[in-house]
Every structure is written in structure tokens, then in C-alpha cells.
Amino acid sequence: MKNLFTAFFLTVFCSFQAQQFKAYQFYDKKGKSVKPEKLIRQLADYDVVFFGENHNNSINHWLQFKVTEGLYTQKNGQLILGAEMFERDNQPQLNQYLNGKIDAKTLKDSARLWNNFTTDYKPLVDFAKAKKLNFIATNIPRKYASQTAKEGLESLNNLSEKEKNYIAQLPIKVTLETPGYPEMKAMMGDHADGTKVMNFISAQAVKDATMAESILKNLQSGKTFIHYNGNYHSKEFGGIYWYIKQKNPNLKMAVISVFESDDPELKVPEKDYIPTDFNLVIPSDMTKTY
């Protein structure tokens with residue numbers, strides 16, 4: 001009886017040990033797995049790194065922090081941070097927080113922070129603060145993107161000169177040649193009003209163009225600019241990446257795209273997988289932050 005119990009226990013234990021709970025896997029453009037330390041070494045050679053994210057994915061945010069931490073060490077501190085989640089007109093408040101002139105509560109009260117700021121983005125901002133790094137608010141103030149969606153890109157011409165400082169220089173080129181934008185058009189359906197469709201795409205474009213301009217304005221020789229943005233803003237080398245390429249095709253830029261998978265081994269997905277330079281595959285049932 002004792003031997004039978006021991007055999008049963010060992011069988012259950014070995015079965016449990018064999019079960020893998022894989023939290024993430026990085027792949028390169030060719031589908032070869034990449035270890036985090038190698039990823040960080042390679043990223044250090046780029047001028048700009050886009051780290052795409054699913055906004056509510058906890059492991060995605062944790063990896064952004066760990067890669068940033070590693071990149072800081074690899075680059076001997078030659079790093080600039082920037083994010084979609086902060087709007088250009090809130091740069092003064094962000095700078096005051098980074099310089100220790102205001103506390104977190106005052107920042108929250110004075111800037112338009114995302115609801116998940118404390119859990120998902122504050123660690124990155126606090127890292128920049130501790131290391132005395134620049135953190136750039138790259139995005140357009142949301143009211144101007146909303147205005148574009150409702151009234152069209154031309155309506156931005158009526159803004160004051162001060163307001164225009166918070167958006168990319170006009171005119172902004174909007175074309176369905178930009179990767180991702182045809183997909184947005186298809187999402188609207190064949191029967192959608194043509195003007196409304198283009199206004200919707202233009203609202204995305206003015207965000208992408210503004211973030212691209214913000215990055216270009218804040219680049220420094222020898223430093224890597226790591227930018228955190230929703231996956232859609234850089235996937236398939238579109239969005240922000242595309243707009244920067246129009247202005248400076250010689251910059252060396254890397255895109256980390258994110259994909260969710262039901263496969264416990266987190267292999268490269270078979271469907272809807274268009275890889276960029278580096279590709280993060282995470283479990284579809286990973287804990288969401290909201």
C-alpha cells in the first residue's frame with residue numbers, strides 16, 4: 001500500500017513538474033526565439049525603439065519596464081523615454097514631477113493621466129525620475145484628435161499658433177499607403193460614409209504624425225529613444241514608424257510588436273501574424289489590468 005501511494009504521488013508530482021506556465025516569448029523577424037538579454041543587446045544599437053503594447057496586459061507592462069532597465073545598463077544611461085500616454089501640453093507637469101518639484105498626487109490632479117497610470121506607467125516615469133532621464137510626452141492633446149474625427153483634418157488650420165505647437169506641423173499627409181490604415185477603413189465597412197471614414201483615419205494619423213515629430217525633435221546623438229505605444233501605432237512598420245521614415249529614412253528603428261496566443265508553448269501564431277523586428281507573444285489569458 002505504501003509503495004502504491006508513493007508511486008501515485010510521484011506520478012502526480014512529475015506530471016505537475018512537466019506542466020509549463022510560460023508567461024512570454026520573444027521572437028525575431030524570422031521566427032527564431034530570442035532571449036531577453038540578447039534582445040536588449042540588439043536594441044542598444046538602434047536610434048529609436050517602439051515597444052508596442054496591449055494597454056491592459058500586465059506582463060506587457062512588466063516587460064517594458066524590465067527591457068528599459070536592461071537597456072539603461074547596456075547603454076550606460078544613454079536613454080530617452082517617451083510615451084503615447086502623455087500629451088504634449090502636459091510636458092511641463094511631467095517635467096516638474098521628474099525634477100521633484102511636484103508629487104504624484106499633484107501630477108495626477110494637473111495632467112490628463114490614463115486611468116491605469118499608477119499600475120502600468122508610473123513605474124517607468126519613476127525610473128526616469130530616479131535615473132534623471134528625459135521622459136517625453138509625445139501625443140497630441142486628445143481634444144484635437146477628437147476634433148479631427150468629427151470635423152476633419154482641415155479644421156486644425158483654425159487653431160491658434162499656441163495650440164498648433166501641440167500637434168505635428170500642418171499639413172499632415174494622410175494616405176491609405178500607411179500600413180494599418182487600410183485595415184481601419186475595412187473595419188468601418190463598405191457602406192460607411194466616405195468623409196467619416198477618412199476623418200476617423202485622419203484622427204489616427206494626426207496622433208501618429210505628432211508622436212513621430214515629438215520623437216524626432218527630442219532625439220540626441222548616441223542615445224536610444226524608447227517609445228511606449230499601443231501596438232496599433234507601430235505594428236507592421238506603420239503609424240509612428242511610417243511617419244518618421246518619411247522625415248528621416250536613415251534612422252535605425254526597431255519595432256517590438258505584441259501578439260496574444262492560446263498556445264501554452266507560445267509558438268509564433270499561425271494566423272494574423274505579421275512580424276516586425278521583434279515580436280512578443282504572450283498568453284491570451286494573462287491577467288488584465290482593467
# chains A, B, ... in the order shown; residues from 1 in each chain; ligands from 1
>>> select_by_dssp(residues="region 47-267 of chain A", states="strand (DSSP E)", output="PyMOL selection string")
chain A and resi 48-53+79-87+135-139+224-230+253-261
>>> residues_around(residues="Thr224 (chain A)", least_positions_apart="2", cutoff="6 Å", atoms="only C-alpha atoms", output="VMD selection string")
chain A and resid 47 to 48 79
>>> closest_residue(among="A:Phe26, A:Phe225, A:Tyr243, A:Tyr273", to="Tyr46 (chain A)", atoms="only C-alpha atoms")
A:Phe225
>>> closest_residue(among="A:Ala168, A:Leu176, A:Ile215, A:Val281", to="Phe135 (chain A)", atoms="only C-alpha atoms")
A:Ile215
>>> atom_distance(atom1="CA of Gln42 (chain A)", atom2="CA of Lys29 (chain A)")
12.9 Å
>>> residues_around(residues="Asn54 (chain A)", least_positions_apart="4", cutoff="8 Å", atoms="only C-alpha atoms", output="list in words")
Asn60, Gly230, Asn231 and Val258 of chain A
>>> write_last_selection(atoms="all heavy atoms", output="compact mmCIF listing (two decimals), in the first residue's frame")
# COMPACT_ATOMS: atom_id res chain seq x y z
N ASN A 60 2.92 42.63 -20.37
CA ASN A 60 3.40 43.57 -21.38
C ASN A 60 4.07 44.77 -20.70
O ASN A 60 5.18 45.20 -21.05
CB ASN A 60 2.22 44.03 -22.23
CG ASN A 60 2.59 44.45 -23.64
OD1 ASN A 60 1.74 44.48 -24.52
ND2 ASN A 60 3.84 44.79 -23.88
N GLY A 230 0.51 52.00 -27.97
CA GLY A 230 -0.38 50.92 -28.34
C GLY A 230 0.15 50.21 -29.57
O GLY A 230 0.71 50.83 -30.48
N ASN A 231 -0.01 48.91 -29.60
CA ASN A 231 0.54 48.10 -30.67
C ASN A 231 0.17 48.63 -32.06
O ASN A 231 0.96 48.59 -32.99
CB ASN A 231 0.07 46.64 -30.51
CG ASN A 231 0.93 45.67 -31.27
OD1 ASN A 231 2.15 45.66 -31.13
ND2 ASN A 231 0.30 44.83 -32.09
N VAL A 258 3.33 43.07 -30.38
CA VAL A 258 2.83 42.11 -29.39
C VAL A 258 1.66 41.32 -29.96
O VAL A 258 0.83 41.86 -30.70
CB VAL A 258 2.42 42.83 -28.08
CG1 VAL A 258 1.35 43.87 -28.32
CG2 VAL A 258 1.97 41.84 -27.02
>>> atom_distance(atom1="CA of Gly194 (chain A)", atom2="CA of Ser160 (chain A)")
28.4 Å
>>> select_by_dssp(residues="region 31-242 of chain A", states="helix (DSSP H, G or I)", output="compact mmCIF listing (two decimals) with N, CA, C and O atoms, in the first residue's frame")
# COMPACT_ATOMS: atom_id res chain seq x y z
N PRO A 36 15.76 37.48 -23.56
CA PRO A 36 15.70 38.91 -23.21
C PRO A 36 17.05 39.61 -23.22
O PRO A 36 17.17 40.75 -23.67
N GLU A 37 18.08 38.94 -22.71
CA GLU A 37 19.40 39.58 -22.64
C GLU A 37 19.96 39.86 -24.05
O GLU A 37 20.59 40.90 -24.28
N LYS A 38 19.69 38.96 -25.00
CA LYS A 38 20.13 39.19 -26.37
C LYS A 38 19.30 40.30 -27.01
O LYS A 38 19.83 41.14 -27.75
N LEU A 39 18.01 40.30 -26.74
CA LEU A 39 17.12 41.35 -27.24
C LEU A 39 17.63 42.71 -26.81
O LEU A 39 17.74 43.65 -27.63
N ILE A 40 17.98 42.86 -25.55
CA ILE A 40 18.45 44.14 -25.02
C ILE A 40 19.76 44.55 -25.68
O ILE A 40 19.95 45.73 -26.03
N ARG A 41 20.66 43.61 -25.87
CA ARG A 41 21.94 43.93 -26.54
C ARG A 41 21.69 44.45 -27.95
O ARG A 41 22.33 45.40 -28.40
N GLN A 42 20.77 43.82 -28.65
CA GLN A 42 20.49 44.23 -30.02
C GLN A 42 19.77 45.58 -30.07
O GLN A 42 20.05 46.42 -30.93
N LEU A 43 18.86 45.81 -29.14
CA LEU A 43 18.12 47.08 -29.12
C LEU A 43 19.05 48.27 -28.89
O LEU A 43 18.76 49.38 -29.34
N SER A 58 -0.78 43.00 -18.16
CA SER A 58 0.19 43.21 -17.08
C SER A 58 1.60 42.76 -17.45
O SER A 58 2.58 43.45 -17.11
N ILE A 59 1.74 41.62 -18.12
CA ILE A 59 3.08 41.14 -18.46
C ILE A 59 3.73 42.04 -19.50
O ILE A 59 4.95 42.26 -19.49
N ASN A 60 2.92 42.63 -20.37
CA ASN A 60 3.40 43.57 -21.38
C ASN A 60 4.07 44.77 -20.70
O ASN A 60 5.18 45.20 -21.05
N HIS A 61 3.40 45.31 -19.68
CA HIS A 61 3.93 46.47 -18.96
C HIS A 61 5.17 46.11 -18.15
O HIS A 61 6.14 46.89 -18.09
N TRP A 62 5.15 44.94 -17.54
CA TRP A 62 6.32 44.50 -16.77
C TRP A 62 7.53 44.34 -17.66
O TRP A 62 8.64 44.75 -17.31
N LEU A 63 7.33 43.78 -18.86
CA LEU A 63 8.44 43.60 -19.79
C LEU A 63 8.95 44.94 -20.32
O LEU A 63 10.16 45.10 -20.53
N GLN A 64 8.06 45.91 -20.51
CA GLN A 64 8.52 47.24 -20.91
C GLN A 64 9.48 47.79 -19.85
O GLN A 64 10.53 48.36 -20.18
N PHE A 65 9.11 47.62 -18.59
CA PHE A 65 9.96 48.12 -17.51
C PHE A 65 11.30 47.38 -17.48
O PHE A 65 12.36 48.00 -17.37
N LYS A 66 11.27 46.06 -17.56
CA LYS A 66 12.50 45.27 -17.45
C LYS A 66 13.43 45.51 -18.64
O LYS A 66 14.65 45.59 -18.47
N VAL A 67 12.86 45.63 -19.83
CA VAL A 67 13.69 45.92 -21.01
C VAL A 67 14.30 47.31 -20.90
O VAL A 67 15.47 47.52 -21.22
N THR A 68 13.52 48.27 -20.42
CA THR A 68 14.04 49.63 -20.23
C THR A 68 15.18 49.63 -19.21
O THR A 68 16.22 50.27 -19.42
N GLU A 69 14.99 48.93 -18.14
CA GLU A 69 16.01 48.80 -17.10
C GLU A 69 17.29 48.20 -17.67
O GLU A 69 18.39 48.70 -17.43
N GLY A 70 17.13 47.13 -18.45
CA GLY A 70 18.29 46.48 -19.06
C GLY A 70 18.96 47.35 -20.10
O GLY A 70 20.20 47.39 -20.22
N LEU A 71 18.15 48.07 -20.87
CA LEU A 71 18.68 48.94 -21.92
C LEU A 71 19.46 50.11 -21.31
O LEU A 71 20.47 50.54 -21.86
N TYR A 72 18.98 50.59 -20.18
CA TYR A 72 19.68 51.66 -19.47
C TYR A 72 21.09 51.21 -19.09
O TYR A 72 22.08 51.95 -19.27
N THR A 73 21.20 49.99 -18.59
CA THR A 73 22.51 49.45 -18.22
C THR A 73 23.37 49.22 -19.45
O THR A 73 24.55 49.59 -19.47
N GLN A 74 22.78 48.64 -20.48
CA GLN A 74 23.51 48.34 -21.72
C GLN A 74 24.03 49.60 -22.38
O GLN A 74 25.12 49.61 -22.96
N ARG A 88 1.34 66.31 -25.30
CA ARG A 88 2.36 67.35 -25.39
C ARG A 88 2.15 68.51 -24.43
O ARG A 88 3.10 69.02 -23.84
N ASP A 89 0.92 68.95 -24.27
CA ASP A 89 0.69 70.12 -23.42
C ASP A 89 0.83 69.81 -21.93
O ASP A 89 0.80 70.71 -21.10
N ASN A 90 1.00 68.52 -21.60
CA ASN A 90 1.25 68.14 -20.20
C ASN A 90 2.74 67.92 -19.91
O ASN A 90 3.09 67.47 -18.81
N GLN A 91 3.60 68.26 -20.87
CA GLN A 91 5.05 68.11 -20.65
C GLN A 91 5.55 68.93 -19.46
O GLN A 91 6.37 68.42 -18.67
N PRO A 92 5.09 70.16 -19.26
CA PRO A 92 5.56 70.93 -18.09
C PRO A 92 5.27 70.22 -16.76
O PRO A 92 6.14 70.18 -15.88
N GLN A 93 4.07 69.68 -16.61
CA GLN A 93 3.73 68.98 -15.37
C GLN A 93 4.58 67.72 -15.21
O GLN A 93 5.04 67.40 -14.10
N LEU A 94 4.79 67.00 -16.32
CA LEU A 94 5.61 65.80 -16.27
C LEU A 94 7.04 66.16 -15.88
O LEU A 94 7.66 65.48 -15.05
N ASN A 95 7.57 67.24 -16.45
CA ASN A 95 8.93 67.68 -16.10
C ASN A 95 9.04 68.07 -14.63
O ASN A 95 10.04 67.78 -13.97
N GLN A 96 8.00 68.74 -14.12
CA GLN A 96 8.01 69.14 -12.71
C GLN A 96 8.06 67.92 -11.79
O GLN A 96 8.74 67.92 -10.76
N TYR A 97 7.34 66.87 -12.17
CA TYR A 97 7.37 65.64 -11.38
C TYR A 97 8.74 64.98 -11.47
O TYR A 97 9.30 64.55 -10.44
N LEU A 98 9.30 64.92 -12.67
CA LEU A 98 10.61 64.31 -12.86
C LEU A 98 11.69 65.05 -12.07
O LEU A 98 12.64 64.44 -11.58
N ALA A 104 3.25 62.95 -6.80
CA ALA A 104 2.42 62.14 -7.69
C ALA A 104 0.97 62.60 -7.70
O ALA A 104 0.31 62.59 -8.74
N LYS A 105 0.47 63.01 -6.55
CA LYS A 105 -0.92 63.47 -6.47
C LYS A 105 -1.12 64.74 -7.28
O LYS A 105 -2.12 64.89 -8.00
N THR A 106 -0.18 65.67 -7.18
CA THR A 106 -0.28 66.92 -7.94
C THR A 106 -0.19 66.64 -9.43
O THR A 106 -0.90 67.27 -10.23
N LEU A 107 0.67 65.71 -9.82
CA LEU A 107 0.75 65.32 -11.23
C LEU A 107 -0.58 64.78 -11.70
O LEU A 107 -1.08 65.15 -12.77
N LYS A 108 -1.17 63.91 -10.88
CA LYS A 108 -2.45 63.31 -11.24
C LYS A 108 -3.54 64.36 -11.36
O LYS A 108 -4.39 64.29 -12.26
N ASP A 109 -3.51 65.37 -10.50
CA ASP A 109 -4.54 66.41 -10.49
C ASP A 109 -4.35 67.42 -11.63
O ASP A 109 -5.32 68.07 -12.05
N SER A 110 -3.13 67.56 -12.11
CA SER A 110 -2.84 68.62 -13.08
C SER A 110 -2.64 68.14 -14.51
O SER A 110 -2.66 68.94 -15.45
N PHE A 117 -2.51 54.63 -15.04
CA PHE A 117 -1.19 55.24 -14.88
C PHE A 117 -0.43 54.65 -13.69
O PHE A 117 0.72 54.25 -13.81
N THR A 118 -1.07 54.59 -12.55
CA THR A 118 -0.38 54.18 -11.32
C THR A 118 0.21 52.78 -11.44
O THR A 118 1.36 52.54 -11.05
N THR A 119 -0.55 51.85 -11.99
CA THR A 119 -0.08 50.46 -12.07
C THR A 119 0.84 50.22 -13.26
O THR A 119 1.80 49.44 -13.15
N ASP A 120 0.59 50.89 -14.39
CA ASP A 120 1.25 50.49 -15.63
C ASP A 120 2.30 51.46 -16.17
O ASP A 120 3.21 51.04 -16.89
N TYR A 121 2.21 52.74 -15.85
CA TYR A 121 3.15 53.71 -16.42
C TYR A 121 3.97 54.47 -15.38
O TYR A 121 5.08 54.91 -15.68
N LYS A 122 3.46 54.59 -14.19
CA LYS A 122 4.21 55.28 -13.14
C LYS A 122 5.56 54.62 -12.88
O LYS A 122 6.56 55.33 -12.64
N PRO A 123 5.67 53.27 -12.89
CA PRO A 123 6.99 52.67 -12.70
C PRO A 123 8.03 53.15 -13.72
O PRO A 123 9.19 53.36 -13.36
N LEU A 124 7.60 53.36 -14.96
CA LEU A 124 8.52 53.85 -15.99
C LEU A 124 8.90 55.30 -15.73
O LEU A 124 10.06 55.70 -15.87
N VAL A 125 7.91 56.12 -15.36
CA VAL A 125 8.17 57.53 -15.06
C VAL A 125 9.08 57.64 -13.85
O VAL A 125 10.02 58.45 -13.83
N ASP A 126 8.83 56.82 -12.83
CA ASP A 126 9.66 56.86 -11.63
C ASP A 126 11.08 56.38 -11.91
O ASP A 126 12.05 56.85 -11.29
N PHE A 127 11.23 55.46 -12.86
CA PHE A 127 12.56 55.02 -13.26
C PHE A 127 13.31 56.19 -13.90
O PHE A 127 14.49 56.44 -13.58
N ALA A 128 12.63 56.91 -14.80
CA ALA A 128 13.24 58.08 -15.44
C ALA A 128 13.61 59.13 -14.39
O ALA A 128 14.68 59.75 -14.46
N LYS A 129 12.74 59.30 -13.41
CA LYS A 129 12.99 60.27 -12.35
C LYS A 129 14.23 59.89 -11.54
O LYS A 129 15.10 60.73 -11.26
N ALA A 130 14.32 58.61 -11.17
CA ALA A 130 15.44 58.14 -10.35
C ALA A 130 16.76 58.23 -11.10
O ALA A 130 17.81 58.52 -10.50
N LYS A 131 16.72 57.99 -12.40
CA LYS A 131 17.94 57.98 -13.22
C LYS A 131 18.21 59.32 -13.91
O LYS A 131 19.17 59.45 -14.66
N ARG A 142 -5.81 65.10 -26.65
CA ARG A 142 -6.90 64.28 -27.18
C ARG A 142 -8.04 65.10 -27.79
O ARG A 142 -8.73 64.64 -28.70
N LYS A 143 -8.23 66.34 -27.30
CA LYS A 143 -9.34 67.14 -27.85
C LYS A 143 -9.13 67.47 -29.32
O LYS A 143 -10.10 67.60 -30.07
N TYR A 144 -7.88 67.58 -29.75
CA TYR A 144 -7.61 67.89 -31.16
C TYR A 144 -7.78 66.66 -32.04
O TYR A 144 -8.20 66.76 -33.20
N ALA A 145 -7.47 65.48 -31.49
CA ALA A 145 -7.73 64.25 -32.23
C ALA A 145 -9.23 64.03 -32.38
O ALA A 145 -9.71 63.62 -33.44
N SER A 146 -9.97 64.31 -31.30
CA SER A 146 -11.43 64.20 -31.34
C SER A 146 -12.02 65.19 -32.34
O SER A 146 -12.94 64.85 -33.10
N GLN A 147 -11.48 66.40 -32.37
CA GLN A 147 -11.94 67.41 -33.32
C GLN A 147 -11.71 66.94 -34.75
O GLN A 147 -12.57 67.11 -35.62
N THR A 148 -10.57 66.31 -35.00
CA THR A 148 -10.26 65.80 -36.33
C THR A 148 -11.25 64.72 -36.74
O THR A 148 -11.71 64.70 -37.89
N ALA A 149 -11.58 63.83 -35.81
CA ALA A 149 -12.53 62.75 -36.11
C ALA A 149 -13.91 63.31 -36.46
O ALA A 149 -14.62 62.74 -37.31
N LYS A 150 -14.28 64.41 -35.84
CA LYS A 150 -15.61 64.99 -36.06
C LYS A 150 -15.66 65.95 -37.25
O LYS A 150 -16.60 65.96 -38.03
N GLU A 151 -14.61 66.77 -37.36
CA GLU A 151 -14.66 67.88 -38.32
C GLU A 151 -13.65 67.78 -39.45
O GLU A 151 -13.68 68.59 -40.38
N LEU A 153 -9.40 66.94 -40.82
CA LEU A 153 -8.05 67.44 -40.59
C LEU A 153 -7.94 68.94 -40.86
O LEU A 153 -7.18 69.65 -40.19
N GLU A 154 -8.71 69.42 -41.83
CA GLU A 154 -8.63 70.84 -42.21
C GLU A 154 -9.05 71.76 -41.06
O GLU A 154 -8.61 72.91 -41.00
N SER A 155 -9.87 71.26 -40.15
CA SER A 155 -10.33 72.09 -39.05
C SER A 155 -9.19 72.52 -38.14
O SER A 155 -9.30 73.53 -37.43
N LEU A 156 -8.08 71.79 -38.16
CA LEU A 156 -6.94 72.13 -37.31
C LEU A 156 -6.27 73.42 -37.77
O LEU A 156 -5.53 74.05 -37.01
N ASN A 157 -6.51 73.80 -39.02
CA ASN A 157 -5.93 75.06 -39.53
C ASN A 157 -6.46 76.26 -38.77
O ASN A 157 -5.83 77.33 -38.77
N ASN A 158 -7.60 76.11 -38.13
CA ASN A 158 -8.22 77.23 -37.41
C ASN A 158 -7.72 77.38 -35.98
O ASN A 158 -8.13 78.31 -35.28
N GLU A 161 -1.83 79.70 -32.89
CA GLU A 161 -0.45 79.27 -33.05
C GLU A 161 0.03 78.49 -31.82
O GLU A 161 0.79 77.54 -31.95
N LYS A 162 -0.44 78.89 -30.64
CA LYS A 162 -0.07 78.17 -29.42
C LYS A 162 -0.60 76.74 -29.47
O LYS A 162 0.11 75.79 -29.14
N GLU A 163 -1.84 76.59 -29.90
CA GLU A 163 -2.44 75.26 -29.98
C GLU A 163 -1.73 74.40 -31.02
O GLU A 163 -1.54 73.19 -30.82
N LYS A 164 -1.32 75.02 -32.12
CA LYS A 164 -0.64 74.26 -33.18
C LYS A 164 0.71 73.72 -32.72
O LYS A 164 1.22 72.76 -33.31
N TYR A 181 -3.71 51.48 -41.92
CA TYR A 181 -4.83 52.36 -42.22
C TYR A 181 -5.88 51.70 -43.13
O TYR A 181 -7.08 51.91 -42.93
N PRO A 182 -5.47 50.90 -44.13
CA PRO A 182 -6.49 50.18 -44.89
C PRO A 182 -7.34 49.25 -44.01
O PRO A 182 -8.53 49.08 -44.24
N GLU A 183 -6.70 48.69 -42.98
CA GLU A 183 -7.41 47.82 -42.04
C GLU A 183 -8.46 48.62 -41.28
O GLU A 183 -9.58 48.15 -41.05
N MET A 184 -8.11 49.85 -40.91
CA MET A 184 -9.07 50.72 -40.23
C MET A 184 -10.25 51.02 -41.14
O MET A 184 -11.40 51.03 -40.71
N LYS A 185 -9.97 51.27 -42.41
CA LYS A 185 -11.03 51.56 -43.38
C LYS A 185 -11.96 50.35 -43.52
O LYS A 185 -13.18 50.50 -43.55
N ALA A 186 -11.37 49.16 -43.57
CA ALA A 186 -12.17 47.94 -43.70
C ALA A 186 -13.05 47.73 -42.47
O ALA A 186 -14.18 47.23 -42.58
N MET A 187 -12.55 48.11 -41.30
CA MET A 187 -13.33 47.97 -40.06
C MET A 187 -14.59 48.82 -40.10
O MET A 187 -15.60 48.47 -39.49
N MET A 188 -14.53 49.92 -40.82
CA MET A 188 -15.68 50.83 -40.90
C MET A 188 -16.78 50.28 -41.81
O MET A 188 -17.93 50.70 -41.74
N GLY A 194 -17.92 58.02 -46.67
CA GLY A 194 -16.51 58.21 -47.03
C GLY A 194 -15.82 59.30 -46.24
O GLY A 194 -14.67 59.14 -45.82
N THR A 195 -16.51 60.40 -46.01
CA THR A 195 -15.92 61.51 -45.24
C THR A 195 -15.66 61.10 -43.80
O THR A 195 -14.61 61.38 -43.23
N LYS A 196 -16.65 60.40 -43.21
CA LYS A 196 -16.49 59.95 -41.83
C LYS A 196 -15.33 58.97 -41.71
O LYS A 196 -14.58 59.00 -40.72
N VAL A 197 -15.18 58.10 -42.69
CA VAL A 197 -14.10 57.12 -42.67
C VAL A 197 -12.75 57.83 -42.70
O VAL A 197 -11.85 57.54 -41.90
N MET A 198 -12.60 58.80 -43.59
CA MET A 198 -11.32 59.49 -43.70
C MET A 198 -11.05 60.37 -42.48
O MET A 198 -9.90 60.52 -42.07
N ASN A 199 -12.10 60.93 -41.90
CA ASN A 199 -11.91 61.70 -40.66
C ASN A 199 -11.42 60.81 -39.53
O ASN A 199 -10.56 61.19 -38.74
N PHE A 200 -11.99 59.60 -39.47
CA PHE A 200 -11.59 58.63 -38.46
C PHE A 200 -10.12 58.25 -38.64
O PHE A 200 -9.34 58.21 -37.67
N ILE A 201 -9.73 57.97 -39.87
CA ILE A 201 -8.34 57.62 -40.18
C ILE A 201 -7.42 58.81 -39.93
O ILE A 201 -6.31 58.67 -39.42
N SER A 202 -7.91 60.01 -40.27
CA SER A 202 -7.11 61.22 -40.06
C SER A 202 -6.84 61.47 -38.57
O SER A 202 -5.78 61.97 -38.20
N ALA A 203 -7.80 61.12 -37.73
CA ALA A 203 -7.61 61.27 -36.28
C ALA A 203 -6.48 60.36 -35.80
O ALA A 203 -5.69 60.74 -34.93
N GLN A 204 -6.40 59.17 -36.37
CA GLN A 204 -5.30 58.26 -36.05
C GLN A 204 -4.00 58.82 -36.60
O GLN A 204 -2.95 58.81 -35.93
N ALA A 205 -4.06 59.35 -37.81
CA ALA A 205 -2.86 59.87 -38.47
C ALA A 205 -2.28 61.07 -37.73
O ALA A 205 -1.05 61.20 -37.60
N VAL A 206 -3.14 61.96 -37.22
CA VAL A 206 -2.63 63.13 -36.53
C VAL A 206 -1.97 62.75 -35.21
O VAL A 206 -1.01 63.39 -34.76
N LYS A 207 -2.43 61.67 -34.60
CA LYS A 207 -1.74 61.14 -33.41
C LYS A 207 -0.37 60.59 -33.81
O LYS A 207 0.66 60.91 -33.19
N ASP A 208 -0.35 59.75 -34.85
CA ASP A 208 0.90 59.13 -35.28
C ASP A 208 1.92 60.16 -35.73
O ASP A 208 3.10 60.09 -35.37
N ALA A 209 1.46 61.14 -36.51
CA ALA A 209 2.36 62.18 -37.01
C ALA A 209 2.91 63.04 -35.88
O ALA A 209 4.08 63.42 -35.88
N THR A 210 2.07 63.34 -34.89
CA THR A 210 2.51 64.15 -33.76
C THR A 210 3.52 63.40 -32.91
O THR A 210 4.54 63.96 -32.49
N MET A 211 3.27 62.13 -32.66
CA MET A 211 4.23 61.34 -31.89
C MET A 211 5.54 61.20 -32.64
O MET A 211 6.63 61.25 -32.04
N ALA A 212 5.47 61.04 -33.96
CA ALA A 212 6.67 60.94 -34.78
C ALA A 212 7.49 62.23 -34.68
O ALA A 212 8.71 62.20 -34.47
N GLU A 213 6.82 63.37 -34.81
CA GLU A 213 7.51 64.66 -34.72
C GLU A 213 8.12 64.86 -33.33
O GLU A 213 9.24 65.36 -33.20
N SER A 214 7.39 64.47 -32.30
CA SER A 214 7.89 64.60 -30.92
C SER A 214 9.18 63.81 -30.73
O SER A 214 10.13 64.28 -30.08
N ILE A 215 9.21 62.61 -31.27
CA ILE A 215 10.41 61.77 -31.17
C ILE A 215 11.57 62.42 -31.92
O ILE A 215 12.69 62.53 -31.39
N LEU A 216 11.31 62.86 -33.15
CA LEU A 216 12.36 63.46 -33.96
C LEU A 216 12.93 64.72 -33.30
O LEU A 216 14.14 64.97 -33.35
N LYS A 217 12.08 65.51 -32.67
CA LYS A 217 12.53 66.74 -32.02
C LYS A 217 13.38 66.48 -30.79
O LYS A 217 14.17 67.34 -30.38
N ASN A 218 13.23 65.32 -30.19
CA ASN A 218 13.90 65.04 -28.92
C ASN A 218 15.01 63.99 -29.02
O ASN A 218 15.58 63.61 -27.99
N ASN A 231 -0.01 48.91 -29.60
CA ASN A 231 0.54 48.10 -30.67
C ASN A 231 0.17 48.63 -32.06
O ASN A 231 0.96 48.59 -32.99
N TYR A 232 -1.06 49.15 -32.18
CA TYR A 232 -1.55 49.58 -33.48
C TYR A 232 -0.75 50.77 -34.03
O TYR A 232 -0.69 50.97 -35.24
N HIS A 233 -0.12 51.52 -33.15
CA HIS A 233 0.61 52.72 -33.59
C HIS A 233 1.96 52.41 -34.24
O HIS A 233 2.61 53.34 -34.75
N LYS A 235 2.62 48.70 -35.40
CA LYS A 235 2.63 47.35 -35.97
C LYS A 235 2.76 47.41 -37.49
O LYS A 235 2.35 48.40 -38.14
N GLU A 236 3.37 46.39 -38.02
CA GLU A 236 3.59 46.28 -39.48
C GLU A 236 4.42 47.44 -40.02
O GLU A 236 4.35 47.78 -41.20
N PHE A 237 5.19 48.10 -39.15
CA PHE A 237 6.02 49.25 -39.51
C PHE A 237 5.17 50.41 -40.03
O PHE A 237 5.60 51.19 -40.88
N GLY A 239 2.05 53.53 -38.82
CA GLY A 239 1.83 54.52 -37.78
C GLY A 239 3.01 55.45 -37.56
O GLY A 239 3.52 56.08 -38.48
N ILE A 240 3.47 55.53 -36.32
CA ILE A 240 4.56 56.43 -35.95
C ILE A 240 5.82 56.12 -36.75
O ILE A 240 6.51 57.02 -37.24
N TYR A 241 6.13 54.84 -36.87
CA TYR A 241 7.31 54.40 -37.62
C TYR A 241 7.26 54.95 -39.04
O TYR A 241 8.25 55.50 -39.54
N TRP A 242 6.11 54.81 -39.69
CA TRP A 242 5.96 55.24 -41.08
C TRP A 242 6.18 56.75 -41.20
O TRP A 242 6.88 57.22 -42.11
>>> closest_residue(among="A:Thr178, A:Thr289, A:Gln169, A:Gln20", to="Ile140 (chain A)", atoms="only C-alpha atoms")
A:Gln169
>>> atom_distance(atom1="CA of Ile102 (chain A)", atom2="CA of Ile80 (chain A)")
21.1 Å
>>> residues_around(residues="Leu266 (chain A)", least_positions_apart="6", cutoff="9 Å", atoms="only C-alpha atoms", output="list of chain:residue names")
A:Lys22, A:Ala23, A:Tyr24, A:Gln25, A:Glu260, A:Val281, A:Ile282, A:Pro283
>>> closest_residue(among="A:Asp263, A:Pro275, A:Leu280, A:Ala254", to="His227 (chain A)", atoms="only C-alpha atoms")
A:Ala254
